[in-house]
Amino acid sequence: MRNSQVKQHSFSRWRIHAFADTARFAQQLGRAVGASVVRVRVHRFPDGESLVRIRPLAGDYAVLVRSLHDPNVKLVETLLAADALRRAGARRVILVAPYLPYMRQDTVFTPGEPISQRVIGGCLGHAFDGVLSIEAHLHRVRHLREVVPCQAYSVSAAPILAAWLRRTEDRCLIVGPDEESEPWVRAIAHEAQALWVVGKKKRQGDHRVQIRLPKLPSTARAIIIDDVASSGGTLAVTARALHRQGVAVVDALVVHALFAPGALKRMHAAGVRRVLSCDTVPHPTNTLHSAPLVASALQELL
């Protein structure tokens, strides 16, 4: 979606419904658009099933907020909440999912696999009238609405990252770990007025990658940027490659901090000085606030 200034939409007939694990993001979004925020309640039965309860509607429309990391349970509860909002009388229901899972499996890489992106996208598109996410992991499709059949938009986090980079005191080299990230890295570097390079990545499993970097310009500091980080392996290998070429200080800046246990330790052991992330997934590294960006996109969607 465009990040241009848009006419403010009245949220007097809207209410934001938020699950507990995304409450902080929802409160920031509510303040940004001037809408009230209420909690979605979840009861878990002994057999693992969930019962979702929503507060009575304040108007005809509802925004449901939940970041869908740890997706297998959260996706079911999110779909149940959409149904509860419809049955309570909501005429239009918008999902704000700062992190949207299952977008990476966008083709059949090995015979016998599903196209998970299409399966999950189809479920969400039929449950909601609109879906907003941040940096959905899209490679072979250009727009989220191609796989989520409703008013679906993936908002770029590039303005947030570029703004933070402009505020840093030291000039630095921006590094993307793979060629797929090149357009994104180039756009961020252009807005931040910084030099940039991208590497060539070869994945050898969930936790093993090879990274080859081009010859670097002379620099004392580099910042690796990535949209999703989970095991920390890609960032660690990239950091080692940078240090081998004489870069003294390496930091990492990621959008979705899906860090598994031990990921931060792995990165620090590889020479990453500090790790910063957007608040799309709650994590101690959260530094960059993305709710204002979503608020602007939500205004435009309406």
# chains A, B, ... in the order shown; residues from 1 in each chain; ligands from 1
call {"tool": "residues_around", "arguments": {"residues": "range 28-34 of chain A", "least_positions_apart": "2", "cutoff": "8 Å", "atoms": "only C-alpha atoms", "output": "PyMOL selection string"}}
result
chain A and resi 11+16+24-26+36-37+291-292+294-295+299
call {"tool": "write_last_selection", "arguments": {"atoms": "C-alpha atoms", "output": "mmCIF file, in the first residue's frame"}}
result
data_model
loop_
_atom_site.group_PDB
_atom_site.id
_atom_site.type_symbol
_atom_site.label_atom_id
_atom_site.label_comp_id
_atom_site.auth_asym_id
_atom_site.auth_seq_id
_atom_site.Cartn_x
_atom_site.Cartn_y
_atom_site.Cartn_z
ATOM 1 C CA PHE A 11 -13.317 5.110 13.723
ATOM 2 C CA ILE A 16 -10.189 -2.994 17.843
ATOM 3 C CA ARG A 24 0.715 -3.806 23.268
ATOM 4 C CA PHE A 25 0.758 -3.470 19.475
ATOM 5 C CA ALA A 26 -3.042 -3.130 19.454
ATOM 6 C CA SER A 36 -10.961 1.808 21.522
ATOM 7 C CA VAL A 37 -9.283 -1.540 22.179
ATOM 8 C CA ALA A 291 1.873 0.464 14.579
ATOM 9 C CA PRO A 292 1.922 3.989 13.042
ATOM 10 C CA VAL A 294 -0.147 0.008 9.970
ATOM 11 C CA ALA A 295 -2.441 2.837 11.086
ATOM 12 C CA GLN A 299 -6.783 4.467 7.002
#
call {"tool": "residues_around", "arguments": {"residues": "Asp60 in chain A", "least_positions_apart": "3", "cutoff": "12 Å", "atoms": "only C-alpha atoms", "output": "PyMOL selection string"}}
result
chain A and resi 11-16+56-57+63+85-94
call {"tool": "closest_residue", "arguments": {"among": "A:Ser181, A:Ala236, A:Cys150, A:Ala192", "to": "Ile211 in chain A", "atoms": "only C-alpha atoms"}}
result
A:Ala236
call {"tool": "residues_around", "arguments": {"residues": "range 251-253 of chain A", "least_positions_apart": "6", "cutoff": "7 Å", "atoms": "only C-alpha atoms", "output": "ChimeraX atom specification"}}
result
/A:222-226,272-277
call {"tool": "residues_around", "arguments": {"residues": "Ser290 in chain A", "least_positions_apart": "5", "cutoff": "8 Å", "atoms": "only C-alpha atoms", "output": "PyMOL selection string"}}
result
chain A and resi 157+160+278-280
call {"tool": "atom_distance", "arguments": {"atom1": "CA of Gln117 in chain A", "atom2": "CA of Thr78 in chain A"}}
result
16.7 Å
call {"tool": "residues_around", "arguments": {"residues": "His283 in chain A", "least_positions_apart": "2", "cutoff": "12 Å", "atoms": "only C-alpha atoms", "output": "MDAnalysis selection string"}}
result
chainID A and resid 21:22 24 69 229:230 254:261 264 275:281 285:288
call {"tool": "select_by_dssp", "arguments": {"residues": "range 161-302 of chain A", "states": "strand (DSSP E or B)", "output": "MDAnalysis selection string"}}
result
chainID A and resid 173:176 195:198 200:203 209:212 221:229 249:257 272:278 286:288
call {"tool": "write_last_selection", "arguments": {"atoms": "C-alpha atoms", "output": "PDB file, in the first residue's frame"}}
result
ATOM      1  CA  LEU A 173      27.277  -0.434   5.052  1.00  0.00           C
ATOM      2  CA  ILE A 174      23.878  -2.117   4.670  1.00  0.00           C
ATOM      3  CA  VAL A 175      24.089  -5.839   3.924  1.00  0.00           C
ATOM      4  CA  GLY A 176      21.376  -8.150   2.629  1.00  0.00           C
ATOM      5  CA  LEU A 195      26.027   2.054   0.664  1.00  0.00           C
ATOM      6  CA  TRP A 196      24.740  -1.495   0.295  1.00  0.00           C
ATOM      7  CA  VAL A 197      25.641  -4.999  -0.892  1.00  0.00           C
ATOM      8  CA  VAL A 198      23.858  -8.352  -1.006  1.00  0.00           C
ATOM      9  CA  LYS A 200      24.596 -15.139  -2.301  1.00  0.00           C
ATOM     10  CA  LYS A 201      22.976 -17.664   0.021  1.00  0.00           C
ATOM     11  CA  LYS A 202      22.852 -21.407  -0.346  1.00  0.00           C
ATOM     12  CA  ARG A 203      20.640 -23.181   2.192  1.00  0.00           C
ATOM     13  CA  VAL A 209      23.548 -21.891   5.182  1.00  0.00           C
ATOM     14  CA  GLN A 210      26.479 -20.661   3.116  1.00  0.00           C
ATOM     15  CA  ILE A 211      26.868 -16.944   2.424  1.00  0.00           C
ATOM     16  CA  ARG A 212      29.224 -15.450  -0.155  1.00  0.00           C
ATOM     17  CA  ARG A 221      30.636  -0.889  10.519  1.00  0.00           C
ATOM     18  CA  ALA A 222      27.971  -2.948   8.766  1.00  0.00           C
ATOM     19  CA  ILE A 223      24.325  -3.624   9.514  1.00  0.00           C
ATOM     20  CA  ILE A 224      22.758  -6.845   8.265  1.00  0.00           C
ATOM     21  CA  ILE A 225      19.061  -6.415   7.508  1.00  0.00           C
ATOM     22  CA  ASP A 226      16.592  -9.257   7.033  1.00  0.00           C
ATOM     23  CA  ASP A 227      12.827  -9.601   6.998  1.00  0.00           C
ATOM     24  CA  VAL A 228      12.601 -12.825   9.039  1.00  0.00           C
ATOM     25  CA  ALA A 229      15.086 -14.305  11.504  1.00  0.00           C
ATOM     26  CA  VAL A 249      31.484  -3.759  14.036  1.00  0.00           C
ATOM     27  CA  VAL A 250      28.471  -5.773  12.838  1.00  0.00           C
ATOM     28  CA  ASP A 251      24.885  -5.151  13.949  1.00  0.00           C
ATOM     29  CA  ALA A 252      21.660  -6.833  12.792  1.00  0.00           C
ATOM     30  CA  LEU A 253      18.300  -5.259  12.055  1.00  0.00           C
ATOM     31  CA  VAL A 254      15.318  -7.549  11.423  1.00  0.00           C
ATOM     32  CA  VAL A 255      11.604  -7.075  10.920  1.00  0.00           C
ATOM     33  CA  HIS A 256      10.165 -10.294  12.375  1.00  0.00           C
ATOM     34  CA  ALA A 257      12.130 -11.591  15.372  1.00  0.00           C
ATOM     35  CA  VAL A 272      27.077  -9.568  16.049  1.00  0.00           C
ATOM     36  CA  ARG A 273      27.313  -6.691  18.508  1.00  0.00           C
ATOM     37  CA  ARG A 274      23.600  -6.001  18.887  1.00  0.00           C
ATOM     38  CA  VAL A 275      20.303  -7.149  17.384  1.00  0.00           C
ATOM     39  CA  LEU A 276      17.354  -4.820  16.860  1.00  0.00           C
ATOM     40  CA  SER A 277      13.886  -5.711  15.596  1.00  0.00           C
ATOM     41  CA  CYS A 278      10.476  -4.306  14.773  1.00  0.00           C
ATOM     42  CA  ASN A 286      11.983  -4.883  19.818  1.00  0.00           C
ATOM     43  CA  THR A 287      13.168  -1.335  19.140  1.00  0.00           C
ATOM     44  CA  LEU A 288      11.240  -0.095  16.095  1.00  0.00           C
TER      45      LEU A 288
END
call {"tool": "select_by_dssp", "arguments": {"residues": "range 110-188 of chain A", "states": "alpha helix (DSSP H)", "output": "list in words"}}
result
Ser116, Gln117, Arg118, Val119, Ile120, Gly121, Gly122, Cys123, Leu124, Gly125, His126, Ala127, Ala158, Pro159, Ile160, Leu161, Ala162, Ala163, Trp164, Leu165, Arg166, Arg167, Glu182, Pro183, Trp184, Val185, Arg186, Ala187 and Ile188 of chain A
call {"tool": "write_last_selection", "arguments": {"atoms": "N, CA and C atoms", "output": "JSON list (two decimals), in the first residue's frame"}}
result
[["chain", "number", "residue", "atom", "x", "y", "z"],
["A", 116, "SER", "N", 1.51, -24.16, 0.98],
["A", 116, "SER", "CA", 0.93, -23.69, 2.24],
["A", 116, "SER", "C", 0.42, -22.26, 2.13],
["A", 117, "GLN", "N", 1.11, -21.43, 1.36],
["A", 117, "GLN", "CA", 0.70, -20.04, 1.19],
["A", 117, "GLN", "C", -0.73, -19.95, 0.69],
["A", 118, "ARG", "N", -1.08, -20.78, -0.28],
["A", 118, "ARG", "CA", -2.42, -20.76, -0.86],
["A", 118, "ARG", "C", -3.46, -21.29, 0.13],
["A", 119, "VAL", "N", -3.11, -22.32, 0.87],
["A", 119, "VAL", "CA", -4.06, -22.91, 1.82],
["A", 119, "VAL", "C", -4.42, -21.91, 2.92],
["A", 120, "ILE", "N", -3.39, -21.36, 3.57],
["A", 120, "ILE", "CA", -3.63, -20.43, 4.67],
["A", 120, "ILE", "C", -4.22, -19.12, 4.16],
["A", 121, "GLY", "N", -3.71, -18.65, 3.03],
["A", 121, "GLY", "CA", -4.25, -17.43, 2.44],
["A", 121, "GLY", "C", -5.72, -17.55, 2.10],
["A", 122, "GLY", "N", -6.12, -18.72, 1.57],
["A", 122, "GLY", "CA", -7.53, -18.94, 1.24],
["A", 122, "GLY", "C", -8.42, -18.91, 2.46],
["A", 123, "CYS", "N", -7.97, -19.53, 3.55],
["A", 123, "CYS", "CA", -8.75, -19.53, 4.79],
["A", 123, "CYS", "C", -8.95, -18.11, 5.32],
["A", 124, "LEU", "N", -7.89, -17.33, 5.34],
["A", 124, "LEU", "CA", -7.99, -15.97, 5.86],
["A", 124, "LEU", "C", -8.83, -15.08, 4.94],
["A", 125, "GLY", "N", -8.68, -15.27, 3.64],
["A", 125, "GLY", "CA", -9.42, -14.45, 2.70],
["A", 125, "GLY", "C", -10.92, -14.67, 2.76],
["A", 126, "HIS", "N", -11.33, -15.89, 3.10],
["A", 126, "HIS", "CA", -12.76, -16.17, 3.20],
["A", 126, "HIS", "C", -13.32, -15.79, 4.57],
["A", 127, "ALA", "N", -12.46, -15.67, 5.58],
["A", 127, "ALA", "CA", -12.93, -15.31, 6.93],
["A", 127, "ALA", "C", -13.00, -13.80, 7.14],
["A", 158, "ALA", "N", 10.21, -0.99, 5.08],
["A", 158, "ALA", "CA", 11.39, -0.23, 4.64],
["A", 158, "ALA", "C", 11.43, 1.19, 5.20],
["A", 159, "PRO", "N", 10.32, 1.95, 5.24],
["A", 159, "PRO", "CA", 10.41, 3.31, 5.81],
["A", 159, "PRO", "C", 10.84, 3.33, 7.28],
["A", 160, "ILE", "N", 10.41, 2.32, 8.05],
["A", 160, "ILE", "CA", 10.79, 2.27, 9.47],
["A", 160, "ILE", "C", 12.29, 2.02, 9.61],
["A", 161, "LEU", "N", 12.78, 1.03, 8.84],
["A", 161, "LEU", "CA", 14.20, 0.69, 8.92],
["A", 161, "LEU", "C", 15.06, 1.84, 8.41],
["A", 162, "ALA", "N", 14.66, 2.46, 7.31],
["A", 162, "ALA", "CA", 15.44, 3.56, 6.74],
["A", 162, "ALA", "C", 15.48, 4.75, 7.70],
["A", 163, "ALA", "N", 14.35, 5.04, 8.35],
["A", 163, "ALA", "CA", 14.31, 6.15, 9.29],
["A", 163, "ALA", "C", 15.26, 5.90, 10.46],
["A", 164, "TRP", "N", 15.29, 4.65, 10.95],
["A", 164, "TRP", "CA", 16.21, 4.34, 12.05],
["A", 164, "TRP", "C", 17.66, 4.47, 11.58],
["A", 165, "LEU", "N", 17.95, 3.99, 10.37],
["A", 165, "LEU", "CA", 19.32, 4.08, 9.86],
["A", 165, "LEU", "C", 19.76, 5.53, 9.68],
["A", 166, "ARG", "N", 18.85, 6.40, 9.29],
["A", 166, "ARG", "CA", 19.20, 7.81, 9.15],
["A", 166, "ARG", "C", 19.53, 8.45, 10.49],
["A", 167, "ARG", "N", 18.94, 7.91, 11.56],
["A", 167, "ARG", "CA", 19.18, 8.50, 12.89],
["A", 167, "ARG", "C", 20.47, 8.01, 13.53],
["A", 182, "GLU", "N", 17.50, -8.20, -2.65],
["A", 182, "GLU", "CA", 18.15, -7.04, -3.27],
["A", 182, "GLU", "C", 17.23, -5.83, -3.48],
["A", 183, "PRO", "N", 16.01, -5.99, -4.07],
["A", 183, "PRO", "CA", 15.17, -4.79, -4.25],
["A", 183, "PRO", "C", 14.83, -4.10, -2.94],
["A", 184, "TRP", "N", 14.57, -4.89, -1.92],
["A", 184, "TRP", "CA", 14.22, -4.36, -0.59],
["A", 184, "TRP", "C", 15.41, -3.64, 0.03],
["A", 185, "VAL", "N", 16.57, -4.28, -0.02],
["A", 185, "VAL", "CA", 17.78, -3.68, 0.55],
["A", 185, "VAL", "C", 18.14, -2.40, -0.20],
["A", 186, "ARG", "N", 18.04, -2.45, -1.51],
["A", 186, "ARG", "CA", 18.37, -1.27, -2.32],
["A", 186, "ARG", "C", 17.45, -0.09, -1.97],
["A", 187, "ALA", "N", 16.14, -0.36, -1.79],
["A", 187, "ALA", "CA", 15.19, 0.70, -1.46],
["A", 187, "ALA", "C", 15.50, 1.31, -0.09],
["A", 188, "ILE", "N", 15.81, 0.47, 0.88],
["A", 188, "ILE", "CA", 16.14, 0.96, 2.22],
["A", 188, "ILE", "C", 17.41, 1.80, 2.19]]
call {"tool": "residues_around", "arguments": {"residues": "Arg53 in chain A", "least_positions_apart": "2", "cutoff": "10 Å", "atoms": "only C-alpha atoms", "output": "list of chain:residue names"}}
result
A:Arg39, A:Val40, A:Arg41, A:Val42, A:His43, A:Ser50, A:Leu51, A:Arg55, A:Pro56, A:Glu77, A:Leu80, A:Ala81, A:Ala84, A:Leu85
call {"tool": "closest_residue", "arguments": {"among": "A:Asp83, A:Asp129, A:Asp47, A:Asp178", "to": "Leu301 in chain A", "atoms": "only C-alpha atoms"}}
result
A:Asp129
call {"tool": "closest_residue", "arguments": {"among": "A:Leu132, A:Leu68, A:Leu242, A:Val52", "to": "Leu298 in chain A", "atoms": "only C-alpha atoms"}}
result
A:Leu132
call {"tool": "atom_distance", "arguments": {"atom1": "CA of Gly233 in chain A", "atom2": "CA of Ile115 in chain A"}}
result
24.8 Å
call {"tool": "atom_distance", "arguments": {"atom1": "CA of Gly199 in chain A", "atom2": "CA of Pro177 in chain A"}}
result
4.9 Å
